[in-house]
>>> print(open('entry_6.cif').read())   # mmCIF, C-alpha atoms
data_structure
#
loop_
_atom_site.label_atom_id
_atom_site.label_comp_id
_atom_site.auth_asym_id
_atom_site.auth_seq_id
_atom_site.Cartn_x
_atom_site.Cartn_y
_atom_site.Cartn_z
CA MET A 32 7.74 17.16 -15.35
CA THR A 33 11.16 18.77 -15.57
CA ILE A 34 14.18 17.91 -13.45
CA TYR A 35 13.86 21.25 -11.65
CA ARG A 36 10.30 20.53 -10.58
CA LYS A 37 11.23 17.01 -9.38
CA THR A 38 14.20 18.37 -7.45
CA GLY A 39 12.06 21.11 -5.92
CA LEU A 40 9.44 18.61 -4.79
CA VAL A 41 12.07 16.35 -3.21
CA ILE A 42 13.56 19.33 -1.35
CA ILE A 43 10.10 20.39 -0.12
CA ILE A 44 9.43 16.86 1.14
CA LEU A 45 12.85 16.86 2.84
CA GLY A 46 11.91 20.11 4.64
CA ILE A 47 8.63 18.60 5.85
CA VAL A 48 10.44 15.50 7.14
CA MET A 49 12.98 17.75 8.87
CA PHE A 50 10.13 19.60 10.59
CA PHE A 51 8.51 16.42 11.90
CA PHE A 52 11.88 15.07 13.07
CA ALA A 53 12.60 18.34 14.89
CA VAL A 54 9.19 18.27 16.58
CA TYR A 55 9.78 14.66 17.62
CA MET A 56 13.22 15.47 19.05
CA PHE A 57 11.89 18.58 20.81
CA SER A 58 9.20 16.58 22.56
CA PHE A 59 11.44 13.59 23.42
CA THR A 60 12.08 13.40 27.19
CA GLY A 61 14.51 10.47 27.51
CA LYS A 62 18.26 10.20 27.06
CA VAL A 63 19.40 10.61 23.49
CA ASN A 64 22.71 10.47 21.67
CA PRO A 65 24.27 13.97 21.45
CA ILE A 66 24.71 13.61 17.68
CA ILE A 67 20.99 12.92 17.21
CA SER A 68 20.24 15.88 19.46
CA LYS A 69 22.35 18.18 17.27
CA ILE A 70 20.67 16.84 14.12
CA GLY A 71 17.30 17.65 15.69
CA MET A 72 18.50 21.15 16.56
CA TYR A 73 19.71 21.85 13.02
CA SER A 74 16.54 20.34 11.57
CA PHE A 75 14.51 22.75 13.66
CA ILE A 76 16.61 25.68 12.46
CA PHE A 77 16.70 24.81 8.74
CA TRP A 78 13.31 23.23 7.97
CA LEU A 79 11.68 26.47 6.80
CA PRO A 80 14.59 27.70 4.63
CA THR A 81 14.69 24.23 3.05
CA ILE A 82 11.02 24.44 2.10
CA VAL A 83 11.44 27.97 0.72
CA PHE A 84 14.46 26.85 -1.32
CA GLY A 85 12.45 23.90 -2.68
CA ILE A 86 9.65 26.23 -3.74
CA ILE A 87 12.13 28.50 -5.49
CA VAL A 88 13.70 25.57 -7.36
CA ALA A 89 10.26 24.28 -8.36
CA LEU A 90 9.27 27.73 -9.64
CA ILE A 91 12.44 27.95 -11.71
CA SER A 92 11.05 25.06 -13.76
CA LYS A 93 8.23 27.30 -14.99
CA ARG A 94 10.71 29.90 -16.23
CA LYS A 95 13.14 27.48 -17.91
CA ILE A 96 12.46 26.45 -21.46
CA VAL A 97 14.09 23.08 -22.04
#
>>> encode(input="entry_6.cif", output="structure tokens")
Amino acid sequence: MTIYRKTGLVIIILGIVMFFFAVYMFSFTGKVNPIISKIGMYSFIFWLPTIVFGIIVALISKRKIV
């Protein structure tokens, strides 16, 4: 497994974790620290582009000849 494929998989997993964190923060009804609220907002905005970027990086590994 090349370094590109490993990096792509880690980025894809990061995007999935961002999605679940955003869903958790969206459904949270209590008081929360404003910083955590902003992190949840940005996670909700950037989870899909993060997954797409991870897929692109993982696919680069098939094109690279190392």
>>> residues_around(input="entry_6.cif", residues="range 78-82 of chain A", least_positions_apart="2", cutoff="12 Å", atoms="all atoms listed in the file", output="PyMOL selection string")
chain A and resi 38-54+70-76+84-89
>>> atom_distance(input="entry_6.cif", atom1="CA of Arg36 in chain A", atom2="CA of Tyr55 in chain A")
28.8 Å
>>> atom_distance(input="entry_6.cif", atom1="CA of Val83 in chain A", atom2="CA of Lys37 in chain A")
14.9 Å
>>> atom_distance(input="entry_6.cif", atom1="CA of Phe57 in chain A", atom2="CA of Phe77 in chain A")
14.4 Å
>>> decode(input="entry_6.cif", residues="chain A", atoms="C-alpha atoms", output="PDB file, in the first residue's frame")
ATOM      1  CA  MET A  32       0.000   0.000   0.000  1.00  0.00           C
ATOM      2  CA  THR A  33       1.493   3.316  -1.055  1.00  0.00           C
ATOM      3  CA  ILE A  34       1.698   6.444   1.061  1.00  0.00           C
ATOM      4  CA  TYR A  35      -0.936   8.104  -1.144  1.00  0.00           C
ATOM      5  CA  ARG A  36      -3.440   5.336  -0.516  1.00  0.00           C
ATOM      6  CA  LYS A  37      -2.793   5.422   3.255  1.00  0.00           C
ATOM      7  CA  THR A  38      -3.155   9.197   3.323  1.00  0.00           C
ATOM      8  CA  GLY A  39      -6.349   9.008   1.278  1.00  0.00           C
ATOM      9  CA  LEU A  40      -7.863   6.444   3.634  1.00  0.00           C
ATOM     10  CA  VAL A  41      -6.995   8.538   6.692  1.00  0.00           C
ATOM     11  CA  ILE A  42      -8.600  11.605   5.088  1.00  0.00           C
ATOM     12  CA  ILE A  43     -11.735   9.609   4.224  1.00  0.00           C
ATOM     13  CA  ILE A  44     -11.985   8.371   7.820  1.00  0.00           C
ATOM     14  CA  LEU A  45     -11.502  11.958   9.034  1.00  0.00           C
ATOM     15  CA  GLY A  46     -14.426  13.065   6.834  1.00  0.00           C
ATOM     16  CA  ILE A  47     -16.653  10.327   8.254  1.00  0.00           C
ATOM     17  CA  VAL A  48     -15.741  11.320  11.820  1.00  0.00           C
ATOM     18  CA  MET A  49     -16.455  14.960  10.949  1.00  0.00           C
ATOM     19  CA  PHE A  50     -19.904  13.951   9.680  1.00  0.00           C
ATOM     20  CA  PHE A  51     -20.801  12.065  12.855  1.00  0.00           C
ATOM     21  CA  PHE A  52     -19.510  14.917  15.035  1.00  0.00           C
ATOM     22  CA  ALA A  53     -21.576  17.423  13.037  1.00  0.00           C
ATOM     23  CA  VAL A  54     -24.700  15.282  13.390  1.00  0.00           C
ATOM     24  CA  TYR A  55     -24.077  14.975  17.125  1.00  0.00           C
ATOM     25  CA  MET A  56     -23.622  18.737  17.515  1.00  0.00           C
ATOM     26  CA  PHE A  57     -26.684  19.458  15.360  1.00  0.00           C
ATOM     27  CA  SER A  58     -28.875  17.267  17.541  1.00  0.00           C
ATOM     28  CA  PHE A  59     -27.426  18.487  20.876  1.00  0.00           C
ATOM     29  CA  THR A  60     -29.985  20.568  22.805  1.00  0.00           C
ATOM     30  CA  GLY A  61     -28.032  21.723  25.876  1.00  0.00           C
ATOM     31  CA  LYS A  62     -25.595  24.567  26.428  1.00  0.00           C
ATOM     32  CA  VAL A  63     -22.314  24.139  24.633  1.00  0.00           C
ATOM     33  CA  ASN A  64     -19.072  26.077  24.411  1.00  0.00           C
ATOM     34  CA  PRO A  65     -19.161  28.481  21.415  1.00  0.00           C
ATOM     35  CA  ILE A  66     -15.846  27.109  20.124  1.00  0.00           C
ATOM     36  CA  ILE A  67     -17.245  23.569  20.021  1.00  0.00           C
ATOM     37  CA  SER A  68     -20.340  24.924  18.293  1.00  0.00           C
ATOM     38  CA  LYS A  69     -18.206  26.542  15.578  1.00  0.00           C
ATOM     39  CA  ILE A  70     -16.203  23.321  15.133  1.00  0.00           C
ATOM     40  CA  GLY A  71     -19.485  21.457  14.649  1.00  0.00           C
ATOM     41  CA  MET A  72     -20.629  24.040  12.105  1.00  0.00           C
ATOM     42  CA  TYR A  73     -17.416  23.773  10.077  1.00  0.00           C
ATOM     43  CA  SER A  74     -17.487  19.984  10.337  1.00  0.00           C
ATOM     44  CA  PHE A  75     -20.970  20.014   8.852  1.00  0.00           C
ATOM     45  CA  ILE A  76     -19.819  22.259   6.006  1.00  0.00           C
ATOM     46  CA  PHE A  77     -16.576  20.439   5.147  1.00  0.00           C
ATOM     47  CA  TRP A  78     -17.278  16.738   5.735  1.00  0.00           C
ATOM     48  CA  LEU A  79     -18.235  15.987   2.127  1.00  0.00           C
ATOM     49  CA  PRO A  80     -15.363  17.915   0.474  1.00  0.00           C
ATOM     50  CA  THR A  81     -12.989  16.126   2.855  1.00  0.00           C
ATOM     51  CA  ILE A  82     -14.261  12.723   1.747  1.00  0.00           C
ATOM     52  CA  VAL A  83     -14.045  13.698  -1.936  1.00  0.00           C
ATOM     53  CA  PHE A  84     -10.482  14.960  -1.437  1.00  0.00           C
ATOM     54  CA  GLY A  85      -9.565  11.686   0.299  1.00  0.00           C
ATOM     55  CA  ILE A  86     -10.952   9.690  -2.614  1.00  0.00           C
ATOM     56  CA  ILE A  87      -8.956  11.794  -5.066  1.00  0.00           C
ATOM     57  CA  VAL A  88      -5.742  11.290  -3.081  1.00  0.00           C
ATOM     58  CA  ALA A  89      -6.385   7.548  -2.855  1.00  0.00           C
ATOM     59  CA  LEU A  90      -6.972   7.357  -6.616  1.00  0.00           C
ATOM     60  CA  ILE A  91      -3.728   9.200  -7.298  1.00  0.00           C
ATOM     61  CA  SER A  92      -1.953   6.166  -5.842  1.00  0.00           C
ATOM     62  CA  LYS A  93      -3.187   4.050  -8.750  1.00  0.00           C
ATOM     63  CA  ARG A  94      -1.704   6.478 -11.269  1.00  0.00           C
ATOM     64  CA  LYS A  95       1.667   6.966  -9.534  1.00  0.00           C
ATOM     65  CA  ILE A  96       4.425   4.514 -10.294  1.00  0.00           C
ATOM     66  CA  VAL A  97       6.795   4.468  -7.343  1.00  0.00           C
TER      67      VAL A  97
END
